[in-house]
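One file, target_28.cif, carrying mmCIF, C-alpha atoms:
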data_run
#
loop_
_atom_site.label_atom_id
_atom_site.label_comp_id
_atom_site.auth_asym_id
_atom_site.auth_seq_id
_atom_site.Cartn_x
_atom_site.Cartn_y
_atom_site.Cartn_z
CA MET Z 816 36.72 169.50 177.56
CA ASN Z 817 33.49 167.89 176.26
CA HIS Z 818 33.27 170.42 173.44
CA ASN Z 819 36.76 169.57 172.15
CA LEU Z 820 36.03 165.84 172.31
CA ILE Z 821 32.85 166.23 170.29
CA THR Z 822 34.61 168.43 167.73
CA THR Z 823 37.36 165.86 167.32
CA ALA Z 824 34.87 163.03 167.01
CA VAL Z 825 32.93 164.92 164.34
CA ILE Z 826 36.11 165.64 162.39
CA VAL Z 827 37.26 162.02 162.57
CA LEU Z 828 33.85 160.66 161.62
CA GLY Z 829 33.49 163.20 158.84
CA SER Z 830 36.89 162.27 157.41
CA MET Z 831 36.04 158.60 157.51
CA ILE Z 832 32.81 159.20 155.65
CA MET Z 833 34.61 161.37 153.09
CA ALA Z 834 37.36 158.80 152.68
CA SER Z 835 34.83 156.13 151.84
CA PHE Z 836 33.72 158.19 148.85
CA ILE Z 837 37.20 158.53 147.43
CA THR Z 838 37.95 155.54 145.23
CA ASN Z 839 41.43 154.56 144.17
CA PRO Z 840 41.84 155.88 140.64
CA ASN Z 841 44.09 152.95 139.87
CA ASP Z 842 41.31 150.36 140.31
CA SER Z 843 40.44 148.68 137.07
CA VAL Z 844 36.71 148.60 137.88
CA PRO Z 845 35.19 150.96 135.33
CA THR Z 846 33.57 154.00 136.91
CA GLY Z 847 32.89 157.34 135.32
CA TYR Z 848 30.45 158.55 132.73
CA LYS Z 849 28.36 156.37 130.50
CA ALA Z 850 25.94 157.46 127.79
CA GLY Z 851 22.96 159.11 129.45
CA ASP Z 852 24.89 160.58 132.38
CA LYS Z 853 25.05 164.30 133.07
CA ALA Z 854 28.56 165.60 132.57
CA SER Z 855 30.06 168.26 134.76
CA ASP Z 856 31.74 171.36 133.46
CA PHE Z 857 35.27 172.34 134.38
CA LYS Z 858 37.58 175.34 134.40
CA LEU Z 859 40.96 174.37 133.02
CA LYS Z 860 43.96 176.29 131.76
CA ASN Z 861 44.39 176.43 128.02
CA ILE Z 862 47.73 176.63 126.21
CA ASN Z 863 47.12 180.36 125.72
CA ASP Z 864 47.14 180.68 129.53
CA GLN Z 865 43.41 181.53 129.57
CA PHE Z 866 40.92 179.38 131.46
CA VAL Z 867 38.25 177.51 129.53
CA SER Z 868 34.85 176.16 130.62
CA LEU Z 869 32.20 174.54 128.49
CA THR Z 870 29.74 177.29 129.51
CA ASP Z 871 31.97 179.71 127.59
CA TYR Z 872 30.56 178.21 124.39
CA LYS Z 873 27.13 179.84 124.18
CA THR Z 874 26.26 178.71 120.64
CA ALA Z 875 27.72 175.18 120.75
CA LYS Z 876 25.26 172.28 120.51
CA GLY Z 877 27.66 169.98 122.31
CA PHE Z 878 31.31 169.03 122.65
CA ILE Z 879 33.80 166.43 121.56
CA VAL Z 880 35.81 166.11 124.77
CA VAL Z 881 39.00 164.12 124.22
CA PHE Z 882 41.46 163.13 126.91
CA THR Z 883 44.78 163.02 125.15
CA CYS Z 884 48.44 163.81 125.68
CA ASN Z 885 51.79 164.38 124.01
CA HIS Z 886 53.73 161.20 124.73
CA CYS Z 887 51.40 158.32 124.00
CA PRO Z 888 51.93 156.80 120.52
CA TYR Z 889 48.19 156.13 120.26
CA ALA Z 890 47.38 159.74 121.04
CA ILE Z 891 50.02 160.86 118.55
CA ALA Z 892 48.56 158.56 115.90
CA TYR Z 893 45.24 160.37 116.32
CA GLU Z 894 46.49 163.96 116.42
CA ASP Z 895 45.74 164.71 112.79
CA ARG Z 896 42.36 163.02 112.98
CA ILE Z 897 41.44 165.01 116.09
CA GLU Z 898 42.37 168.22 114.29
CA GLU Z 899 40.20 167.17 111.31
CA LEU Z 900 37.31 166.49 113.67
CA ASP Z 901 37.53 170.03 115.01
CA LYS Z 902 37.67 171.51 111.50
CA LYS Z 903 34.66 169.45 110.47
CA TYR Z 904 32.43 169.69 113.53
CA ALA Z 905 33.22 173.00 115.26
CA PRO Z 906 31.36 174.90 112.50
CA LYS Z 907 28.45 172.49 113.01
CA GLY Z 908 28.25 173.17 116.74
CA TYR Z 909 30.46 170.40 118.13
CA PRO Z 910 33.95 171.76 118.84
CA VAL Z 911 36.78 169.54 120.04
CA ILE Z 912 37.96 170.18 123.61
CA ALA Z 913 41.24 168.37 124.30
CA ILE Z 914 42.35 167.73 127.87
CA ASN Z 915 45.74 166.43 128.99
CA PRO Z 916 45.28 164.61 132.32
CA ASN Z 917 48.75 163.18 132.78
CA ASP Z 918 51.23 163.69 135.60
CA ALA Z 919 54.02 165.80 134.10
CA ALA Z 920 56.36 164.90 136.97
CA SER Z 921 56.67 161.32 135.71
CA TYR Z 922 55.98 162.16 132.06
CA PRO Z 923 57.73 165.45 131.31
CA ASP Z 924 56.71 165.21 127.64
CA ASP Z 925 53.19 165.94 128.89
CA SER Z 926 54.08 169.16 130.70
CA PHE Z 927 52.09 172.34 130.13
CA GLU Z 928 55.01 173.92 128.30
CA ASN Z 929 55.32 170.92 126.00
CA MET Z 930 51.59 171.05 125.32
CA LYS Z 931 52.11 174.56 123.96
CA VAL Z 932 54.95 173.31 121.75
CA ARG Z 933 52.95 170.39 120.34
CA ALA Z 934 49.86 172.50 119.67
CA LYS Z 935 51.96 175.03 117.79
CA GLN Z 936 53.79 172.33 115.79
CA LYS Z 937 50.58 170.62 114.75
CA GLY Z 938 48.51 173.76 114.35
CA PHE Z 939 45.76 172.67 116.72
CA THR Z 940 42.63 174.79 116.26
CA PHE Z 941 41.02 173.55 119.47
CA PRO Z 942 41.66 174.26 123.17
CA TYR Z 943 44.31 171.95 124.66
CA LEU Z 944 43.62 172.11 128.37
CA TYR Z 945 45.77 171.08 131.31
CA ASP Z 946 43.97 168.96 133.93
CA GLU Z 947 46.63 169.68 136.52
CA THR Z 948 44.81 168.22 139.53
CA GLN Z 949 43.50 165.31 137.39
CA ALA Z 950 40.07 165.97 138.94
CA THR Z 951 38.35 166.28 135.56
CA ALA Z 952 39.82 163.00 134.31
CA LYS Z 953 38.66 161.30 137.52
CA THR Z 954 35.18 162.80 137.33
CA TYR Z 955 34.75 161.73 133.72
CA GLY Z 956 36.28 158.32 134.42
CA ALA Z 957 38.88 158.62 131.68
CA GLN Z 958 41.09 155.56 131.60
CA ARG Z 959 43.43 155.97 128.68
CA THR Z 960 44.61 158.37 126.02
CA PRO Z 961 42.92 159.02 123.72
CA HIS Z 962 39.47 158.66 125.29
CA ILE Z 963 36.41 160.42 123.87
CA TYR Z 964 33.32 161.80 125.60
CA LEU Z 965 30.73 163.22 123.21
CA LEU Z 966 28.43 165.64 125.04
CA GLN Z 967 25.17 167.25 123.93
CA LYS Z 968 23.55 170.25 125.53
CA SER Z 969 20.09 169.67 126.95
CA GLY Z 970 18.79 172.83 128.54
CA SER Z 971 21.40 173.80 131.07
CA ASP Z 972 22.69 170.22 131.26
CA LEU Z 973 25.42 168.42 129.38
CA ILE Z 974 24.44 164.86 128.55
CA VAL Z 975 27.00 162.21 127.66
CA LYS Z 976 25.98 160.66 124.34
CA TYR Z 977 28.97 158.53 123.39
CA VAL Z 978 32.10 157.28 125.14
CA GLY Z 979 35.13 155.57 123.69
CA ALA Z 980 37.13 155.33 120.52
CA ILE Z 981 37.47 157.67 117.58
CA ASP Z 982 37.46 154.89 114.96
CA ASP Z 983 38.37 151.24 114.49
CA ASN Z 984 41.99 151.62 113.39
CA SER Z 985 44.50 153.43 115.59
CA GLN Z 986 47.52 152.67 113.46
CA ASP Z 987 46.31 153.45 109.95
CA ALA Z 988 43.97 156.38 109.32
CA LYS Z 989 43.62 155.36 105.68
CA ALA Z 990 42.43 151.87 106.58
CA VAL Z 991 39.63 152.99 108.92
CA LYS Z 992 36.39 151.16 108.22
CA VAL Z 993 34.15 152.45 111.00
CA LYS Z 994 34.29 156.05 112.23
CA TYR Z 995 32.58 155.52 115.56
CA LEU Z 996 32.78 159.10 116.78
CA GLU Z 997 31.82 160.75 113.49
CA ASN Z 998 28.86 158.43 113.16
CA ALA Z 999 27.72 159.45 116.63
CA VAL Z 1000 28.05 163.19 115.97
CA ASP Z 1001 26.30 162.85 112.60
CA GLU Z 1002 23.43 161.03 114.29
CA LEU Z 1003 23.07 163.82 116.84
CA LEU Z 1004 23.21 166.45 114.11
CA SER Z 1005 20.35 164.74 112.27
CA GLY Z 1006 18.25 164.64 115.43
CA LYS Z 1007 18.71 160.92 115.98
CA ASP Z 1008 19.90 159.08 119.04
CA VAL Z 1009 23.38 157.58 118.97
CA SER Z 1010 23.15 153.95 117.94
CA SER Z 1011 26.56 152.79 119.17
CA LYS Z 1012 26.95 154.45 122.55
CA GLU Z 1013 30.19 152.96 123.76
CA THR Z 1014 33.29 151.52 122.16
CA LYS Z 1015 36.77 150.67 123.34
CA ALA Z 1016 40.26 151.19 121.98
CA ILE Z 1017 43.83 150.46 123.01
CA GLY Z 1018 45.61 153.42 124.54
CA CYS Z 1019 48.11 154.42 127.18
CA SER Z 1020 46.86 154.33 130.74
CA ILE Z 1021 46.33 157.72 132.32
CA LYS Z 1022 49.41 158.62 134.33
CA TRP Z 1023 48.03 159.32 137.77
CA LYS Z 1024 50.03 161.32 140.26
CA LYS Z 1025 51.66 159.16 142.89
CA ALA Z 1026 50.13 159.63 146.35
CA MET Y 922 84.93 133.41 98.39
CA LYS Y 923 84.74 130.48 100.80
CA TYR Y 924 85.59 132.87 103.61
CA LEU Y 925 82.66 135.10 102.61
CA LEU Y 926 80.32 132.13 102.59
CA VAL Y 927 81.41 131.02 106.02
CA LEU Y 928 81.12 134.56 107.32
CA SER Y 929 77.61 135.06 105.93
CA LEU Y 930 76.49 131.70 107.30
CA PHE Y 931 77.89 132.63 110.67
CA LEU Y 932 76.22 136.04 110.63
CA SER Y 933 72.84 134.63 109.60
CA SER Y 934 73.02 132.06 112.37
CA VAL Y 935 73.78 134.80 114.88
CA PHE Y 936 70.73 136.74 113.75
CA SER Y 937 68.55 133.65 113.75
CA PHE Y 938 69.17 133.26 117.47
CA ALA Y 939 67.08 136.37 117.86
CA GLN Y 940 63.49 135.52 118.59
CA ASN Y 941 61.06 135.19 115.76
CA VAL Y 942 58.14 137.57 116.34
CA PRO Y 943 55.12 136.30 114.45
CA TYR Y 944 52.04 138.33 113.61
CA ILE Y 945 48.83 136.70 114.71
CA THR Y 946 45.17 137.53 114.38
CA PHE Y 947 42.94 137.64 117.41
CA GLU Y 948 41.39 134.33 116.41
CA GLN Y 949 44.84 132.75 116.29
CA LEU Y 950 45.68 134.24 119.68
CA GLU Y 951 42.56 132.74 121.21
CA LYS Y 952 43.49 129.32 119.85
CA ILE Y 953 46.87 129.61 121.54
CA ILE Y 954 45.76 130.91 124.91
CA TYR Y 955 42.63 128.82 125.27
CA LYS Y 956 44.28 125.56 124.26
CA GLN Y 957 42.68 122.62 125.99
CA ASP Y 958 45.61 121.27 128.01
CA ASP Y 959 46.95 121.52 131.56
CA THR Y 960 49.23 124.47 131.03
CA LEU Y 961 48.61 127.64 133.00
CA ARG Y 962 49.12 130.53 130.60
CA ILE Y 963 49.90 134.06 131.71
CA VAL Y 964 49.11 136.33 128.78
CA ASN Y 965 50.50 139.84 129.02
CA PHE Y 966 49.42 142.64 126.66
CA TRP Y 967 52.22 145.18 126.37
CA ALA Y 968 54.22 147.44 124.05
CA THR Y 969 57.76 148.83 123.96
CA TRP Y 970 56.39 152.36 124.22
CA CYS Y 971 54.43 151.60 127.36
CA LYS Y 972 56.53 152.57 130.37
CA PRO Y 973 54.70 150.52 133.02
CA CYS Y 974 54.78 147.52 130.65
CA ILE Y 975 58.55 147.73 130.34
CA GLU Y 976 58.89 148.11 134.09
CA GLU Y 977 57.01 144.91 134.80
CA LEU Y 978 58.41 142.82 131.95
CA PRO Y 979 61.46 141.57 133.91
CA GLU Y 980 59.06 140.19 136.51
CA PHE Y 981 57.26 138.16 133.84
CA GLU Y 982 60.57 136.98 132.43
CA ARG Y 983 61.68 135.87 135.87
CA ILE Y 984 58.48 133.88 136.30
CA ASN Y 985 58.84 132.35 132.85
CA ALA Y 986 62.36 131.17 133.71
CA GLU Y 987 61.44 129.95 137.16
CA TYR Y 988 58.56 127.80 135.93
CA LYS Y 989 60.37 126.57 132.83
CA ASN Y 990 60.03 122.92 133.80
CA GLN Y 991 56.45 123.18 134.95
CA LYS Y 992 53.22 123.64 133.06
CA VAL Y 993 53.29 127.41 133.42
CA LYS Y 994 53.94 129.64 130.39
CA VAL Y 995 54.23 133.35 129.89
CA ILE Y 996 52.99 134.70 126.56
CA LEU Y 997 53.74 138.30 125.59
CA VAL Y 998 51.34 139.94 123.15
CA SER Y 999 52.77 143.13 121.73
CA MET Y 1000 50.59 146.10 120.79
CA ASP Y 1001 53.50 147.79 119.01
CA PHE Y 1002 52.63 149.46 115.72
CA LYS Y 1003 53.44 147.44 112.61
CA SER Y 1004 55.74 150.24 111.49
CA LYS Y 1005 57.78 149.82 114.67
CA ILE Y 1006 58.24 146.04 114.75
CA ASP Y 1007 61.62 145.98 113.05
CA ILE Y 1008 62.97 149.24 114.40
CA GLN Y 1009 61.70 149.06 117.97
CA LEU Y 1010 60.25 145.72 119.02
CA LYS Y 1011 62.85 143.33 117.65
CA PRO Y 1012 65.81 145.38 118.93
CA TYR Y 1013 64.13 145.59 122.34
CA ILE Y 1014 63.66 141.82 122.46
CA GLN Y 1015 67.24 141.23 121.38
CA LYS Y 1016 68.78 143.77 123.73
CA ASN Y 1017 66.85 142.44 126.73
CA ASN Y 1018 67.20 138.81 125.75
CA ILE Y 1019 63.48 138.21 126.13
CA GLN Y 1020 62.84 134.50 126.41
CA SER Y 1021 59.06 134.37 126.72
CA PRO Y 1022 57.39 134.00 123.33
CA VAL Y 1023 56.32 137.32 121.82
CA PHE Y 1024 53.49 137.71 119.32
CA VAL Y 1025 52.37 140.86 117.56
CA LEU Y 1026 48.61 141.19 117.51
CA ASP Y 1027 47.65 142.08 113.96
CA GLN Y 1028 43.97 142.85 114.23
CA THR Y 1029 42.04 146.02 113.59
CA ASP Y 1030 38.80 147.06 115.30
CA ALA Y 1031 40.08 146.87 118.84
CA ASN Y 1032 36.55 147.56 120.02
CA VAL Y 1033 35.66 143.99 119.14
CA TRP Y 1034 38.61 142.10 120.54
CA ILE Y 1035 39.18 144.18 123.69
CA ASN Y 1036 35.79 143.04 124.93
CA ALA Y 1037 36.57 139.50 123.79
CA VAL Y 1038 39.63 139.49 126.05
CA SER Y 1039 37.65 140.90 128.94
CA LYS Y 1040 34.55 143.05 129.32
CA GLU Y 1041 36.31 144.73 132.24
CA TRP Y 1042 39.17 145.89 130.06
CA SER Y 1043 39.11 149.60 129.16
CA GLY Y 1044 41.84 149.11 126.57
CA SER Y 1045 44.85 150.49 128.41
CA ILE Y 1046 48.01 148.45 128.78
CA PRO Y 1047 49.54 146.62 130.54
CA ALA Y 1048 46.80 144.07 130.95
CA THR Y 1049 47.22 140.41 131.93
CA ILE Y 1050 44.98 137.34 131.87
CA PHE Y 1051 45.51 133.89 133.32
CA THR Y 1052 44.13 130.98 131.29
CA LEU Y 1053 43.86 127.28 132.00
CA GLN Y 1054 41.94 124.50 130.28
CA SER Y 1055 40.19 126.83 127.87
CA LYS Y 1056 39.02 129.12 130.66
CA GLN Y 1057 40.07 132.56 131.75
CA LEU Y 1058 40.84 132.56 135.45
CA SER Y 1059 41.48 136.25 135.96
CA PHE Y 1060 42.00 139.61 134.32
CA ARG Y 1061 43.98 142.60 135.51
CA GLU Y 1062 44.42 146.01 133.95
CA GLY Y 1063 47.66 147.40 135.39
CA LYS Y 1064 51.00 146.15 136.59
CA TYR Y 1065 51.91 142.89 138.29
CA SER Y 1066 54.86 142.45 140.62
CA TYR Y 1067 56.92 139.24 140.71
CA GLU Y 1068 55.51 138.46 144.15
CA GLU Y 1069 51.93 138.89 143.00
CA LEU Y 1070 52.49 136.69 139.95
CA LYS Y 1071 54.14 133.99 142.01
CA GLN Y 1072 51.42 134.08 144.65
CA LYS Y 1073 48.73 133.81 142.01
CA ILE Y 1074 50.44 130.94 140.20
CA GLN Y 1075 50.96 129.03 143.40
CA SER Y 1076 47.34 129.51 144.42
CA ILE Y 1077 46.29 127.96 141.10
CA ILE Y 1078 48.75 125.09 140.71
CA GLN Y 1079 49.02 124.25 144.40
CA PRO Y 1080 45.76 125.36 145.99
#
With the file now loaded, output its structure as C-alpha cells.
Amino acid sequence: MNHNLITTAVIVLGSMIMASFITNPNDSVPTGYKAGDKASDFKLKNINDQFVSLTDYKTAKGFIVVFTCNHCPYAIAYEDRIEELDKKYAPKGYPVIAINPNDAASYPDDSFENMKVRAKQKGFTFPYLYDETQATAKTYGAQRTPHIYLLQKSGSDLIVKYVGAIDDNSQDAKAVKVKYLENAVDELLSGKDVSSKETKAIGCSIKWKKA
Amino acid sequence: MKYLLVLSLFLSSVFSFAQNVPYITFEQLEKIIYKQDDTLRIVNFWATWCKPCIEELPEFERINAEYKNQKVKVILVSMDFKSKIDIQLKPYIQKNNIQSPVFVLDQTDANVWINAVSKEWSGSIPATIFTLQSKQLSFREGKYSYEELKQKIQSIIQP
C-alpha cells in the first residue's frame, strides 16, 4: 500500500517538474538559440526518404540551417536565393540544410510529399528535411519561415554564429543592399568573427501542431 | 455618346467607393500611429496570404465598427508584396468590405523597422500594437480574439 502511494507521488511530482520545463511554443517571448550558443544535431527525414544528421557531414566547416516551407510567400520569395547560397557555399564548407517545421495537417501544401514536388520543381541541391515532431524547430527557437541559423563547427560542437534574415529585401532579390547571411559566412571563411550576429525579417509564423 | 459618358462616370464612382490603399514608409507610419492626441490606436500588421491574419481580421473590423464614435481606431498595415497589391489586396478589401483604413508598408530592410515596432517582435505576422498619446502600450505577436481586444480597450479607456 505504502509502496504504491510513494510510486504515485513520485510520478505526479516528476510530471509536474517536467511540465514546468515545457514552455508554450506559441508564446511570443523569444527563446531559442542566439549567437554563441551550442546547437544540437538532429536526425530528420530528407525528401529522398533517407535520414540526415549534421554529423553526416565530416568535411563541412559549418552549416546554413534554414527553416523554410512550401506555402509561405516569403519562403517562396527566397527559394532561388537559398539555392544560390548552397551552390556558392557548399563547395566552401557551408552547405545549406533546409528544414520544414510546419504542421501539414493544417497546411497541406507543406506536407512531406509536397516537399518532394517543390524540391524537384526548383532543382534544390540541398537536403529538404521534414521536422515532423517540430522538436528541432522548438529546440532552435525558430519563429518564422524563412529563419536562418548559421552554425560553425568547433571541435565536436556546433556553435551558432548568426541568426535571422538572409538579406534586407524579401520582395526584390535585385534590390538587395545588404546580404546579411553572406556577409556572416564570408567573415567566418576569412577567420573573422561575425560582426552582425542577429537580424530580423518578416515571415510567416511557424505552424505549430494544435494540442 | 452622352450615354457612354454617364456610364463611365457611374462606373468610376462605383470603383472609387473601394478603399484607397496608400503606400507609406515606416517613418510615415510612425507619424500616424504615434500622433499626439487622445485616440487609442490598434495597429495590426497583416497580409492577405497570412491565414491567421485573415482569421482574426473580422474581429478587428467588428471592434472598429463598435468604437466608431469613440476615440478608438483600428489601423491595418499590410505586408502584402507590391506585386500583389492590385491583384490580391485590393480585391480582398473590396470583397470583404473592409472599413478600417489599410496602408501598405513600403519599406525595405525589415531588420531596422521590425525592431523599431518592438524589440520583442520576431517578424512573424499577425502582430498588433496599441498606441496612445505617442506611446506604445502593448505588443503582441499572434492572434487576438474579439473578446481580448474589447477587454484590452476597456481596460485602457475605462480603467
### Task
Could you tell me which residues the PyMOL selection byres ((chain Z) within 10 of (chain Y)) returns for this structure, as a PyMOL selection string?
chain Z and resi 841-845+886-889+892+922+957-962+979-980+982-987+990-993+995+1013-1022
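Using only C-alpha atoms, the smallest distance between any of Z:Glu898, Z:Tyr945, Z:Ser926, Z:Lys907 and Z:Phe857 comes from Z:Tyr945.
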### Task
Dump as a PyMOL selection string all residues having an atom at most 8 Å from (50.8, 138.3, 128.5), computed in the file's coordinates with only C-alpha atoms.
chain Y and resi 963-967+995-998+1048-1050
### Message
One decimal, in Å: what's the spacing between atom CA of Z:Gly956 and atom CA of Y:Phe1051?
### Response
26.1 Å
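The coordinates place atom CA of Z:Ala875 at 14.1 Å from atom CA of Z:Lys902.
This file, filtered with the PyMOL selection byres ((chain Y and resi 949-953) around 9), gives the residues Y:Ile945, Y:Thr946, Y:Phe947, Y:Glu948, Y:Ile954, Y:Tyr955, Y:Lys956, Y:Val998, Y:Phe1024, Y:Leu1026, Y:Val1038.
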Mind dumping the selected residues with C-alpha atoms as a PDB file, keeping the file's coordinate frame?
ATOM      1  CA  ILE Y 945      48.830 136.700 114.710  1.00  0.00           C
ATOM      2  CA  THR Y 946      45.170 137.530 114.380  1.00  0.00           C
ATOM      3  CA  PHE Y 947      42.940 137.640 117.410  1.00  0.00           C
ATOM      4  CA  GLU Y 948      41.390 134.330 116.410  1.00  0.00           C
ATOM      5  CA  ILE Y 954      45.760 130.910 124.910  1.00  0.00           C
ATOM      6  CA  TYR Y 955      42.630 128.820 125.270  1.00  0.00           C
ATOM      7  CA  LYS Y 956      44.280 125.560 124.260  1.00  0.00           C
ATOM      8  CA  VAL Y 998      51.340 139.940 123.150  1.00  0.00           C
ATOM      9  CA  PHE Y1024      53.490 137.710 119.320  1.00  0.00           C
ATOM     10  CA  LEU Y1026      48.610 141.190 117.510  1.00  0.00           C
ATOM     11  CA  VAL Y1038      39.630 139.490 126.050  1.00  0.00           C
TER      12      VAL Y1038
END
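Against this structure, the PyMOL selection byres ((chain Z and resi 967) around 8) ends up with Lys876, Gly877, Phe878, Leu965, Leu966, Lys968, Ser969, Leu973, Ile974, Val975 and Lys976 of chain Z.
Counting all atoms listed in the file, Z:Lys903 has the following residues at most 12 Å away, ignoring those fewer than 6 positions along the same chain: Z:Ile879, Z:Arg896, Z:Ile897, Z:Tyr909, Z:Pro910, Z:Val911, Z:Thr940, Z:Phe941, Z:Glu997, Z:Val1000, Z:Asp1001.
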#### Entry: Nearest to Y:Asn941 by atom-to-atom distance, counting all atoms listed in the file, from Y:Lys1064, Y:Lys1011, Y:Lys1056, Y:Lys994
Y:Lys1011
### Query
What does the distance from atom CA of Z:Ile914 to atom CA of Z:Thr883 come to in Å, to one decimal?
6.0 Å
Produce the centre coordinates and the three edge lengths, each in Å to one decimal, of the box along x, y and z that contains all listed atoms of stretch 938-947 of chain Z with 5 Å added on each side, as JSON.
{"center_x": 44.8, "center_y": 171.9, "center_z": 125.4, "size_x": 17.5, "size_y": 15.8, "size_z": 32.2}
Emit a file covering stretch 947-1014 of chain Y of the preceding structure with C-alpha atoms, as a PDB file, in the first residue's frame.
ATOM      1  CA  PHE Y 947       7.911  53.388 -41.936  1.00  0.00           C
ATOM      2  CA  GLU Y 948       8.568  56.984 -40.950  1.00  0.00           C
ATOM      3  CA  GLN Y 949       5.136  57.965 -42.241  1.00  0.00           C
ATOM      4  CA  LEU Y 950       3.566  55.070 -40.358  1.00  0.00           C
ATOM      5  CA  GLU Y 951       5.171  56.186 -37.115  1.00  0.00           C
ATOM      6  CA  LYS Y 952       3.790  59.685 -37.596  1.00  0.00           C
ATOM      7  CA  ILE Y 953       0.310  58.226 -37.967  1.00  0.00           C
ATOM      8  CA  ILE Y 954       0.372  55.775 -35.088  1.00  0.00           C
ATOM      9  CA  TYR Y 955       2.246  57.924 -32.612  1.00  0.00           C
ATOM     10  CA  LYS Y 956       0.164  61.035 -33.217  1.00  0.00           C
ATOM     11  CA  GLN Y 957      -0.086  63.146 -30.100  1.00  0.00           C
ATOM     12  CA  ASP Y 958      -3.835  63.065 -29.461  1.00  0.00           C
ATOM     13  CA  ASP Y 959      -6.302  61.135 -27.306  1.00  0.00           C
ATOM     14  CA  THR Y 960      -7.105  58.413 -29.782  1.00  0.00           C
ATOM     15  CA  LEU Y 961      -6.319  54.820 -28.873  1.00  0.00           C
ATOM     16  CA  ARG Y 962      -4.882  53.202 -31.989  1.00  0.00           C
ATOM     17  CA  ILE Y 963      -4.846  49.467 -32.576  1.00  0.00           C
ATOM     18  CA  VAL Y 964      -2.277  48.815 -35.289  1.00  0.00           C
ATOM     19  CA  ASN Y 965      -2.430  45.380 -36.875  1.00  0.00           C
ATOM     20  CA  PHE Y 966       0.329  44.051 -39.153  1.00  0.00           C
ATOM     21  CA  TRP Y 967      -1.151  41.513 -41.557  1.00  0.00           C
ATOM     22  CA  ALA Y 968      -1.231  40.213 -45.135  1.00  0.00           C
ATOM     23  CA  THR Y 969      -3.788  38.518 -47.380  1.00  0.00           C
ATOM     24  CA  TRP Y 970      -1.572  35.448 -47.610  1.00  0.00           C
ATOM     25  CA  CYS Y 971      -1.363  35.052 -43.851  1.00  0.00           C
ATOM     26  CA  LYS Y 972      -4.036  32.601 -42.739  1.00  0.00           C
ATOM     27  CA  PRO Y 973      -4.164  33.549 -39.038  1.00  0.00           C
ATOM     28  CA  CYS Y 974      -4.271  37.228 -40.068  1.00  0.00           C
ATOM     29  CA  ILE Y 975      -7.323  36.651 -42.226  1.00  0.00           C
ATOM     30  CA  GLU Y 976      -8.968  34.656 -39.462  1.00  0.00           C
ATOM     31  CA  GLU Y 977      -8.663  37.467 -36.951  1.00  0.00           C
ATOM     32  CA  LEU Y 978      -9.428  40.358 -39.302  1.00  0.00           C
ATOM     33  CA  PRO Y 979     -13.230  40.204 -38.809  1.00  0.00           C
ATOM     34  CA  GLU Y 980     -12.628  40.655 -35.077  1.00  0.00           C
ATOM     35  CA  PHE Y 981     -10.686  43.869 -35.730  1.00  0.00           C
ATOM     36  CA  GLU Y 982     -13.367  45.061 -38.125  1.00  0.00           C
ATOM     37  CA  ARG Y 983     -16.032  44.420 -35.515  1.00  0.00           C
ATOM     38  CA  ILE Y 984     -14.085  46.457 -32.984  1.00  0.00           C
ATOM     39  CA  ASN Y 985     -13.539  49.251 -35.481  1.00  0.00           C
ATOM     40  CA  ALA Y 986     -17.288  49.443 -36.136  1.00  0.00           C
ATOM     41  CA  GLU Y 987     -18.248  49.177 -32.486  1.00  0.00           C
ATOM     42  CA  TYR Y 988     -15.981  52.026 -31.410  1.00  0.00           C
ATOM     43  CA  LYS Y 989     -16.727  54.206 -34.428  1.00  0.00           C
ATOM     44  CA  ASN Y 990     -17.991  57.096 -32.324  1.00  0.00           C
ATOM     45  CA  GLN Y 991     -15.275  56.870 -29.712  1.00  0.00           C
ATOM     46  CA  LYS Y 992     -11.607  57.719 -29.825  1.00  0.00           C
ATOM     47  CA  VAL Y 993     -10.584  54.194 -30.749  1.00  0.00           C
ATOM     48  CA  LYS Y 994      -9.239  53.415 -34.229  1.00  0.00           C
ATOM     49  CA  VAL Y 995      -8.085  50.272 -35.947  1.00  0.00           C
ATOM     50  CA  ILE Y 996      -5.277  50.671 -38.477  1.00  0.00           C
ATOM     51  CA  LEU Y 997      -4.377  47.774 -40.763  1.00  0.00           C
ATOM     52  CA  VAL Y 998      -0.821  47.694 -42.093  1.00  0.00           C
ATOM     53  CA  SER Y 999      -0.469  45.260 -44.955  1.00  0.00           C
ATOM     54  CA  MET Y1000       2.740  43.323 -45.591  1.00  0.00           C
ATOM     55  CA  ASP Y1001       1.481  42.164 -48.990  1.00  0.00           C
ATOM     56  CA  PHE Y1002       4.064  42.214 -51.769  1.00  0.00           C
ATOM     57  CA  LYS Y1003       3.933  45.236 -54.063  1.00  0.00           C
ATOM     58  CA  SER Y1004       3.296  42.904 -56.978  1.00  0.00           C
ATOM     59  CA  LYS Y1005       0.158  41.618 -55.254  1.00  0.00           C
ATOM     60  CA  ILE Y1006      -1.493  44.896 -54.224  1.00  0.00           C
ATOM     61  CA  ASP Y1007      -3.756  45.204 -57.241  1.00  0.00           C
ATOM     62  CA  ILE Y1008      -4.396  41.526 -57.831  1.00  0.00           C
ATOM     63  CA  GLN Y1009      -4.761  40.335 -54.244  1.00  0.00           C
ATOM     64  CA  LEU Y1010      -5.003  43.067 -51.626  1.00  0.00           C
ATOM     65  CA  LYS Y1011      -7.481  45.424 -53.264  1.00  0.00           C
ATOM     66  CA  PRO Y1012      -9.870  42.634 -54.318  1.00  0.00           C
ATOM     67  CA  TYR Y1013      -9.689  41.215 -50.790  1.00  0.00           C
ATOM     68  CA  ILE Y1014     -10.555  44.594 -49.276  1.00  0.00           C
TER      69      ILE Y1014
END
